[in-house]
Amino acid sequence: MISVEDAYQRLLGAAEPVRRTESVSLREAAGRVLAEDVLAKRTQPGFDASAMDGYALRAEDAQAPFRPLRVIGESAAGRAFEGRVEPGEAVRIFTGAPVPEGADAILIQEDAERSEDGALVPKEEVSTGQHIRSAGVDFSAGSILLGQGTLLSSGAVALAASGGHPHLTVLARPKVAVLATGDELVSPGEPVGPSQIVASNSYGVAALVEACGGSVVDCGIAPDREDEIAAHLDRALSDGCDCFVTIGGASVGDHDLIGKVFEAKKVEIAFLKVAMRPGKPLMAGRIGDMRLVGLPGNPASSMVAATLFLAPLVRRLAGRPDALLTRAAILGSDVPENGTRADFMRSKTELRADGTLIVMPLPRQDSSLLSIYAAADALLMRPPHAPAARAGEACHIVDLV
């Protein structure tokens, strides 16, 4: 049995992003990771543009003492004024419209008056370049808009679109096969016999994988038979899966078969047990380039272990930035001393008005209680042998995915 920190390093130490790439439309690009630099195909803006509604003129014509200027036309977004602004002239202009040739400043409409004969009379002085967005002020053709490895946010997608890209080349989502195991399991919606339960963990694990950038291959439910589990493992290998995840059967009982299958398949084992609660019966290894993770069967144990180990692994395989494993908080209630294993207590957090993050452990911590896990938004981390702590003391939490 190894520590949480040691297990984390063994699992993620040599993990690298998948090498496969694909082209996706901008509509599908958010949350994906760029596989190559994105260069601007155009200059933005492609012309000097007005930043305000007002009048385009020569700055020297808007200096005190003010004199009337002749308004010779209009420039709007998508409809540029075609002529040239000469001394004593101005053009009505709107935000985003091209600045006419000859004009070098914008007089905003609040600082202008129109006489009865339509002449423009400035009320405030302007300086050269005032309220003008110069061509290329955002970016120029050929410049790097987004670098390889960028996690595409909504803003990054908008920038790529502005640069003229309808499609982007991104890393393929890592393929993660998820297999629930156990004779007692039935799928949601199916009749539940007197010795059976509904398979729920695989749905939570699949949701976690997708939230971290992975693509789930649903393997369904395998009975407690080594040949059935091994067949699923072989299929995941042949299908080119990047990770094979089993749920249940990772302990050492007569019906816990994952370790036996891993051994028979000559899996390169990273670890078999982790000194943590819940989630001690946790296995990990690899066959070639495919990672294997054996999660425990109890609902909270499975999801806690998936949060701590599977989520960062999938992020790494997807090329996403590593997330902080823990962050600081303040205890909202007393907690007892801890035993020999790291304890991850299902908890609720509250952000106070002063910016203080308070964490409150939930009253029941049994690893079989999925309702308690679903009510939590964080795990309070208690190190091995931690002494009792009082409300108001500093602590560390793990955010739930």
# chains A, B, ... in the order shown; residues from 1 in each chain; ligands from 1
>>> select_by_dssp(residues="stretch 37-91 of chain A", states="strand (DSSP E or B)", output="ChimeraX atom specification")
/A:38-39,44,49-50,54-57,69-76,79,84,89-91
>>> write_last_selection(atoms="N, CA and C atoms", output="PDB file, in the first residue's frame")
ATOM      1  N   VAL A  38      -2.189  28.481 -34.641  1.00  0.00           N
ATOM      2  CA  VAL A  38      -3.184  29.072 -35.535  1.00  0.00           C
ATOM      3  C   VAL A  38      -2.678  30.451 -35.943  1.00  0.00           C
ATOM      4  N   LEU A  39      -2.430  30.632 -37.249  1.00  0.00           N
ATOM      5  CA  LEU A  39      -1.934  31.899 -37.778  1.00  0.00           C
ATOM      6  C   LEU A  39      -3.088  32.707 -38.376  1.00  0.00           C
ATOM      7  N   GLN A  44      -6.721  42.385 -38.668  1.00  0.00           N
ATOM      8  CA  GLN A  44      -7.915  42.842 -37.955  1.00  0.00           C
ATOM      9  C   GLN A  44      -7.608  44.054 -37.091  1.00  0.00           C
ATOM     10  N   ALA A  49     -10.628  52.145 -38.333  1.00  0.00           N
ATOM     11  CA  ALA A  49     -12.059  52.121 -38.032  1.00  0.00           C
ATOM     12  C   ALA A  49     -12.377  53.074 -36.887  1.00  0.00           C
ATOM     13  N   SER A  50     -13.593  53.573 -36.906  1.00  0.00           N
ATOM     14  CA  SER A  50     -14.033  54.458 -35.839  1.00  0.00           C
ATOM     15  C   SER A  50     -14.392  53.658 -34.607  1.00  0.00           C
ATOM     16  N   GLY A  54     -19.923  59.431 -34.284  1.00  0.00           N
ATOM     17  CA  GLY A  54     -19.582  60.854 -34.314  1.00  0.00           C
ATOM     18  C   GLY A  54     -19.310  61.338 -35.716  1.00  0.00           C
ATOM     19  N   TYR A  55     -18.176  62.058 -35.861  1.00  0.00           N
ATOM     20  CA  TYR A  55     -17.830  62.659 -37.149  1.00  0.00           C
ATOM     21  C   TYR A  55     -16.343  62.455 -37.417  1.00  0.00           C
ATOM     22  N   ALA A  56     -16.035  61.995 -38.615  1.00  0.00           N
ATOM     23  CA  ALA A  56     -14.647  61.862 -39.049  1.00  0.00           C
ATOM     24  C   ALA A  56     -14.222  63.182 -39.681  1.00  0.00           C
ATOM     25  N   LEU A  57     -13.073  63.702 -39.229  1.00  0.00           N
ATOM     26  CA  LEU A  57     -12.617  65.006 -39.726  1.00  0.00           C
ATOM     27  C   LEU A  57     -11.105  65.098 -39.578  1.00  0.00           C
ATOM     28  N   LEU A  69     -18.192  73.191 -40.088  1.00  0.00           N
ATOM     29  CA  LEU A  69     -17.640  72.284 -41.096  1.00  0.00           C
ATOM     30  C   LEU A  69     -18.787  71.729 -41.936  1.00  0.00           C
ATOM     31  N   ARG A  70     -18.518  71.495 -43.195  1.00  0.00           N
ATOM     32  CA  ARG A  70     -19.531  70.966 -44.103  1.00  0.00           C
ATOM     33  C   ARG A  70     -19.551  69.435 -44.018  1.00  0.00           C
ATOM     34  N   VAL A  71     -20.711  68.876 -43.737  1.00  0.00           N
ATOM     35  CA  VAL A  71     -20.867  67.422 -43.679  1.00  0.00           C
ATOM     36  C   VAL A  71     -21.136  66.912 -45.089  1.00  0.00           C
ATOM     37  N   ILE A  72     -20.236  66.067 -45.607  1.00  0.00           N
ATOM     38  CA  ILE A  72     -20.288  65.683 -47.028  1.00  0.00           C
ATOM     39  C   ILE A  72     -20.776  64.251 -47.249  1.00  0.00           C
ATOM     40  N   GLY A  73     -21.100  63.524 -46.184  1.00  0.00           N
ATOM     41  CA  GLY A  73     -21.572  62.159 -46.386  1.00  0.00           C
ATOM     42  C   GLY A  73     -21.569  61.367 -45.106  1.00  0.00           C
ATOM     43  N   GLU A  74     -21.681  60.051 -45.247  1.00  0.00           N
ATOM     44  CA  GLU A  74     -21.817  59.158 -44.107  1.00  0.00           C
ATOM     45  C   GLU A  74     -21.003  57.890 -44.320  1.00  0.00           C
ATOM     46  N   SER A  75     -20.414  57.384 -43.230  1.00  0.00           N
ATOM     47  CA  SER A  75     -19.697  56.108 -43.262  1.00  0.00           C
ATOM     48  C   SER A  75     -20.256  55.221 -42.158  1.00  0.00           C
ATOM     49  N   ALA A  76     -20.785  54.053 -42.553  1.00  0.00           N
ATOM     50  CA  ALA A  76     -21.360  53.110 -41.591  1.00  0.00           C
ATOM     51  C   ALA A  76     -20.675  51.765 -41.757  1.00  0.00           C
ATOM     52  N   ARG A  79     -20.662  49.956 -45.043  1.00  0.00           N
ATOM     53  CA  ARG A  79     -20.937  50.931 -46.107  1.00  0.00           C
ATOM     54  C   ARG A  79     -20.002  52.116 -45.913  1.00  0.00           C
ATOM     55  N   ARG A  84     -13.060  61.681 -50.174  1.00  0.00           N
ATOM     56  CA  ARG A  84     -11.950  62.145 -49.336  1.00  0.00           C
ATOM     57  C   ARG A  84     -12.397  63.360 -48.540  1.00  0.00           C
ATOM     58  N   GLU A  89     -14.191  70.018 -43.960  1.00  0.00           N
ATOM     59  CA  GLU A  89     -15.234  69.030 -44.203  1.00  0.00           C
ATOM     60  C   GLU A  89     -15.250  67.965 -43.095  1.00  0.00           C
ATOM     61  N   ALA A  90     -16.364  67.252 -43.011  1.00  0.00           N
ATOM     62  CA  ALA A  90     -16.514  66.145 -42.066  1.00  0.00           C
ATOM     63  C   ALA A  90     -17.472  65.118 -42.647  1.00  0.00           C
ATOM     64  N   VAL A  91     -17.381  63.907 -42.120  1.00  0.00           N
ATOM     65  CA  VAL A  91     -18.263  62.814 -42.541  1.00  0.00           C
ATOM     66  C   VAL A  91     -18.914  62.216 -41.295  1.00  0.00           C
TER      67      VAL A  91
END
>>> residues_around(residues="stretch 197-208 of chain A", least_positions_apart="6", cutoff="6 Å", atoms="only C-alpha atoms", output="list in words")
Glu184, Leu185, Val186, Ser187, Pro188 and Pro299 of chain A
>>> residues_around(residues="A:Ala236", least_positions_apart="5", cutoff="10 Å", atoms="only C-alpha atoms", output="list in words")
Lys175, Val176, Ala177, Val178, Val217, Cys219, Ala230, Ala231, Cys241, Asp242, Cys243, Phe244, Val245 and Met290 of chain A
>>> residues_around(residues="A:Leu324", least_positions_apart="5", cutoff="12 Å", atoms="only C-alpha atoms", output="JSON, numbers by chain")
{"A": [308, 311, 312, 315, 396, 397, 398, 399, 400]}
>>> closest_atom_pairs(of="stretch 21-94 of chain A", to="stretch 127-135 of chain A", cutoff="12 Å", atoms="only C-alpha atoms", output="CSV")
residue,atom,partner,partner_atom,distance
A:Arg42,CA,A:Ala135,CA,11.0
A:Thr43,CA,A:Ala135,CA,7.3
A:Gln44,CA,A:Ala135,CA,6.5
A:Pro45,CA,A:Ala135,CA,5.0
A:Gly46,CA,A:Ala135,CA,5.3
A:Phe47,CA,A:Ala135,CA,4.4
A:Asp48,CA,A:Ser134,CA,4.4
A:Ala49,CA,A:Arg133,CA,5.1
A:Ser50,CA,A:Ile132,CA,4.9
A:Ala51,CA,A:His131,CA,5.1
A:Met52,CA,A:His131,CA,6.3
A:Asp53,CA,A:His131,CA,9.4
A:Gly54,CA,A:His131,CA,9.6
A:Tyr55,CA,A:His131,CA,10.3
A:Ala56,CA,A:Ile132,CA,9.3
A:Leu57,CA,A:Thr128,CA,9.7
A:Arg58,CA,A:Thr128,CA,7.8
A:Ala59,CA,A:Thr128,CA,5.4
A:Glu60,CA,A:Ser127,CA,8.0
A:Asp61,CA,A:Ser127,CA,10.2
A:Ala62,CA,A:Ser127,CA,8.4
A:Gln63,CA,A:Ser127,CA,8.8
A:Ile93,CA,A:Ile132,CA,11.2
A:Phe94,CA,A:His131,CA,11.2
>>> closest_residue(among="A:Ala40, A:Ala112, A:Ala77, A:Ala353", to="A:Pro98", atoms="only C-alpha atoms")
A:Ala77
>>> select_by_dssp(residues="stretch 177-304 of chain A", states="alpha helix (DSSP H)", output="PyMOL selection string")
chain A and resi 201-211+226-238+258-264+299-304
>>> write_last_selection(atoms="N, CA and C atoms", output="CSV table (one decimal), in the first residue's frame")
chain,number,residue,atom,x,y,z
A,201,ASN,N,-22.1,3.6,-10.8
A,201,ASN,CA,-20.7,4.2,-10.8
A,201,ASN,C,-20.2,4.5,-12.2
A,202,SER,N,-20.5,3.6,-13.2
A,202,SER,CA,-20.0,3.8,-14.5
A,202,SER,C,-20.5,5.0,-15.2
A,203,TYR,N,-21.7,5.5,-14.8
A,203,TYR,CA,-22.3,6.7,-15.4
A,203,TYR,C,-21.6,7.9,-14.8
A,204,GLY,N,-21.3,7.9,-13.5
A,204,GLY,CA,-20.6,8.9,-12.9
A,204,GLY,C,-19.2,9.0,-13.4
A,205,VAL,N,-18.5,7.9,-13.5
A,205,VAL,CA,-17.1,7.9,-14.0
A,205,VAL,C,-17.1,8.4,-15.5
A,206,ALA,N,-18.1,8.0,-16.3
A,206,ALA,CA,-18.1,8.4,-17.7
A,206,ALA,C,-18.3,9.9,-17.8
A,207,ALA,N,-19.2,10.5,-16.9
A,207,ALA,CA,-19.4,11.9,-16.9
A,207,ALA,C,-18.1,12.6,-16.5
A,208,LEU,N,-17.4,12.1,-15.6
A,208,LEU,CA,-16.1,12.7,-15.1
A,208,LEU,C,-15.1,12.6,-16.3
A,209,VAL,N,-15.0,11.5,-17.0
A,209,VAL,CA,-14.1,11.4,-18.1
A,209,VAL,C,-14.4,12.4,-19.2
A,210,GLU,N,-15.7,12.6,-19.5
A,210,GLU,CA,-16.0,13.6,-20.6
A,210,GLU,C,-15.8,15.0,-20.1
A,211,ALA,N,-16.0,15.3,-18.8
A,211,ALA,CA,-15.7,16.6,-18.3
A,211,ALA,C,-14.3,17.0,-18.4
A,226,GLU,N,-13.3,-14.1,-15.2
A,226,GLU,CA,-12.1,-13.6,-15.7
A,226,GLU,C,-12.0,-13.5,-17.2
A,227,ASP,N,-12.6,-14.5,-17.9
A,227,ASP,CA,-12.5,-14.5,-19.3
A,227,ASP,C,-13.3,-13.4,-19.9
A,228,GLU,N,-14.5,-13.1,-19.3
A,228,GLU,CA,-15.3,-11.9,-19.8
A,228,GLU,C,-14.6,-10.6,-19.6
A,229,ILE,N,-14.0,-10.4,-18.5
A,229,ILE,CA,-13.2,-9.2,-18.2
A,229,ILE,C,-12.0,-9.1,-19.1
A,230,ALA,N,-11.3,-10.2,-19.3
A,230,ALA,CA,-10.1,-10.2,-20.2
A,230,ALA,C,-10.5,-9.9,-21.6
A,231,ALA,N,-11.7,-10.4,-22.1
A,231,ALA,CA,-12.1,-10.1,-23.4
A,231,ALA,C,-12.4,-8.6,-23.6
A,232,HIS,N,-13.0,-8.0,-22.7
A,232,HIS,CA,-13.2,-6.5,-22.8
A,232,HIS,C,-11.8,-5.8,-22.8
A,233,LEU,N,-10.9,-6.3,-22.0
A,233,LEU,CA,-9.6,-5.6,-22.1
A,233,LEU,C,-8.9,-5.8,-23.4
A,234,ASP,N,-9.0,-7.0,-24.0
A,234,ASP,CA,-8.4,-7.2,-25.3
A,234,ASP,C,-9.1,-6.4,-26.4
A,235,ARG,N,-10.4,-6.2,-26.3
A,235,ARG,CA,-11.2,-5.4,-27.2
A,235,ARG,C,-10.8,-3.9,-27.1
A,236,ALA,N,-10.5,-3.4,-25.9
A,236,ALA,CA,-10.1,-2.1,-25.7
A,236,ALA,C,-8.7,-1.9,-26.4
A,237,LEU,N,-7.9,-2.8,-26.2
A,237,LEU,CA,-6.5,-2.8,-26.9
A,237,LEU,C,-6.7,-2.7,-28.4
A,238,SER,N,-7.5,-3.6,-28.9
A,238,SER,CA,-7.6,-3.7,-30.4
A,238,SER,C,-8.3,-2.5,-31.0
A,258,ILE,N,-10.1,-8.4,-10.9
A,258,ILE,CA,-9.4,-7.4,-11.7
A,258,ILE,C,-7.9,-7.7,-11.6
A,259,GLY,N,-7.4,-7.9,-10.4
A,259,GLY,CA,-6.0,-8.1,-10.2
A,259,GLY,C,-5.5,-9.4,-10.9
A,260,LYS,N,-6.4,-10.4,-10.9
A,260,LYS,CA,-6.0,-11.7,-11.5
A,260,LYS,C,-5.9,-11.5,-13.0
A,261,VAL,N,-6.9,-10.7,-13.6
A,261,VAL,CA,-6.8,-10.5,-15.0
A,261,VAL,C,-5.6,-9.7,-15.4
A,262,PHE,N,-5.3,-8.6,-14.6
A,262,PHE,CA,-4.1,-7.8,-14.9
A,262,PHE,C,-2.9,-8.7,-14.9
A,263,GLU,N,-2.8,-9.6,-13.9
A,263,GLU,CA,-1.6,-10.5,-13.8
A,263,GLU,C,-1.6,-11.4,-15.0
A,264,ALA,N,-2.7,-12.0,-15.4
A,264,ALA,CA,-2.7,-12.9,-16.5
A,264,ALA,C,-2.3,-12.2,-17.8
A,299,PRO,N,-19.7,3.2,-4.3
A,299,PRO,CA,-20.0,4.4,-5.1
A,299,PRO,C,-19.0,5.6,-4.7
A,300,ALA,N,-19.0,5.9,-3.4
A,300,ALA,CA,-18.1,7.0,-3.0
A,300,ALA,C,-16.6,6.7,-3.2
A,301,SER,N,-16.3,5.5,-2.9
A,301,SER,CA,-14.9,5.1,-3.2
A,301,SER,C,-14.5,5.2,-4.6
A,302,SER,N,-15.4,4.7,-5.5
A,302,SER,CA,-15.1,4.8,-6.9
A,302,SER,C,-15.0,6.2,-7.4
A,303,MET,N,-15.9,7.1,-7.0
A,303,MET,CA,-15.9,8.5,-7.5
A,303,MET,C,-14.7,9.3,-6.9
A,304,VAL,N,-14.4,9.0,-5.6
A,304,VAL,CA,-13.3,9.7,-5.0
A,304,VAL,C,-12.0,9.3,-5.7
>>> closest_residue(among="A:Ala318, A:Val137, A:Leu107, A:Leu120", to="A:Gly149", atoms="only C-alpha atoms")
A:Ala318
>>> closest_residue(among="A:Val359, A:Met345, A:His385, A:Asp183", to="A:Tyr373", atoms="only C-alpha atoms")
A:Met345
>>> decode(residues="stretch 328-354 of chain A", atoms="N, CA and C atoms", output="mmCIF file, in the first residue's frame")
data_model
loop_
_atom_site.group_PDB
_atom_site.id
_atom_site.type_symbol
_atom_site.label_atom_id
_atom_site.label_comp_id
_atom_site.auth_asym_id
_atom_site.auth_seq_id
_atom_site.Cartn_x
_atom_site.Cartn_y
_atom_site.Cartn_z
ATOM 1 N N ALA A 328 -6.482 25.805 -0.657
ATOM 2 C CA ALA A 328 -6.636 26.124 0.756
ATOM 3 C C ALA A 328 -8.076 26.506 1.095
ATOM 4 N N ALA A 329 -8.483 26.179 2.309
ATOM 5 C CA ALA A 329 -9.794 26.557 2.819
ATOM 6 C C ALA A 329 -9.706 26.657 4.346
ATOM 7 N N ILE A 330 -10.842 26.987 4.954
ATOM 8 C CA ILE A 330 -10.934 27.098 6.410
ATOM 9 C C ILE A 330 -12.024 26.146 6.900
ATOM 10 N N LEU A 331 -11.703 25.381 7.933
ATOM 11 C CA LEU A 331 -12.671 24.445 8.501
ATOM 12 C C LEU A 331 -13.876 25.197 9.065
ATOM 13 N N GLY A 332 -15.070 24.692 8.741
ATOM 14 C CA GLY A 332 -16.289 25.270 9.296
ATOM 15 C C GLY A 332 -16.797 24.531 10.508
ATOM 16 N N SER A 333 -16.178 23.394 10.825
ATOM 17 C CA SER A 333 -16.567 22.624 12.011
ATOM 18 C C SER A 333 -15.369 21.828 12.495
ATOM 19 N N ASP A 334 -15.451 21.323 13.707
ATOM 20 C CA ASP A 334 -14.370 20.501 14.255
ATOM 21 C C ASP A 334 -14.313 19.159 13.521
ATOM 22 N N VAL A 335 -13.100 18.599 13.411
ATOM 23 C CA VAL A 335 -12.931 17.258 12.854
ATOM 24 C C VAL A 335 -12.015 16.468 13.787
ATOM 25 N N PRO A 336 -12.248 15.160 13.893
ATOM 26 C CA PRO A 336 -11.431 14.354 14.809
ATOM 27 C C PRO A 336 -10.062 14.052 14.225
ATOM 28 N N GLU A 337 -9.206 13.469 15.053
ATOM 29 C CA GLU A 337 -7.902 13.057 14.555
ATOM 30 C C GLU A 337 -8.065 11.973 13.502
ATOM 31 N N ASN A 338 -7.090 11.886 12.608
ATOM 32 C CA ASN A 338 -7.155 10.921 11.514
ATOM 33 C C ASN A 338 -6.267 9.714 11.807
ATOM 34 N N GLY A 339 -6.536 8.600 11.110
ATOM 35 C CA GLY A 339 -5.771 7.376 11.281
ATOM 36 C C GLY A 339 -4.580 7.303 10.354
ATOM 37 N N THR A 340 -4.276 6.105 9.909
ATOM 38 C CA THR A 340 -3.040 5.875 9.159
ATOM 39 C C THR A 340 -3.164 6.168 7.661
ATOM 40 N N ARG A 341 -4.394 6.326 7.182
ATOM 41 C CA ARG A 341 -4.598 6.602 5.759
ATOM 42 C C ARG A 341 -5.085 8.027 5.537
ATOM 43 N N ALA A 342 -4.728 8.610 4.399
ATOM 44 C CA ALA A 342 -5.277 9.914 4.040
ATOM 45 C C ALA A 342 -6.788 9.784 3.913
ATOM 46 N N ASP A 343 -7.494 10.729 4.504
ATOM 47 C CA ASP A 343 -8.958 10.686 4.493
ATOM 48 C C ASP A 343 -9.481 11.812 3.616
ATOM 49 N N PHE A 344 -10.451 11.481 2.755
ATOM 50 C CA PHE A 344 -11.051 12.477 1.871
ATOM 51 C C PHE A 344 -12.542 12.535 2.199
ATOM 52 N N MET A 345 -12.899 13.518 3.005
ATOM 53 C CA MET A 345 -14.239 13.626 3.547
ATOM 54 C C MET A 345 -15.126 14.426 2.596
ATOM 55 N N ARG A 346 -16.275 13.836 2.225
ATOM 56 C CA ARG A 346 -17.207 14.531 1.372
ATOM 57 C C ARG A 346 -17.741 15.757 2.106
ATOM 58 N N SER A 347 -17.697 16.909 1.426
ATOM 59 C CA SER A 347 -17.935 18.183 2.112
ATOM 60 C C SER A 347 -18.663 19.173 1.209
ATOM 61 N N LYS A 348 -19.205 20.198 1.847
ATOM 62 C CA LYS A 348 -19.806 21.336 1.145
ATOM 63 C C LYS A 348 -18.965 22.571 1.442
ATOM 64 N N THR A 349 -18.814 23.425 0.439
ATOM 65 C CA THR A 349 -18.058 24.659 0.639
ATOM 66 C C THR A 349 -18.980 25.871 0.568
ATOM 67 N N GLU A 350 -18.521 26.940 1.198
ATOM 68 C CA GLU A 350 -19.242 28.216 1.163
ATOM 69 C C GLU A 350 -18.219 29.339 1.043
ATOM 70 N N LEU A 351 -18.391 30.200 0.051
ATOM 71 C CA LEU A 351 -17.516 31.353 -0.113
ATOM 72 C C LEU A 351 -18.148 32.543 0.589
ATOM 73 N N ARG A 352 -17.522 32.987 1.675
ATOM 74 C CA ARG A 352 -18.054 34.103 2.456
ATOM 75 C C ARG A 352 -17.848 35.433 1.723
ATOM 76 N N ALA A 353 -18.560 36.453 2.172
ATOM 77 C CA ALA A 353 -18.488 37.769 1.537
ATOM 78 C C ALA A 353 -17.083 38.351 1.587
ATOM 79 N N ASP A 354 -16.303 37.969 2.602
ATOM 80 C CA ASP A 354 -14.943 38.496 2.727
ATOM 81 C C ASP A 354 -13.927 37.689 1.918
#
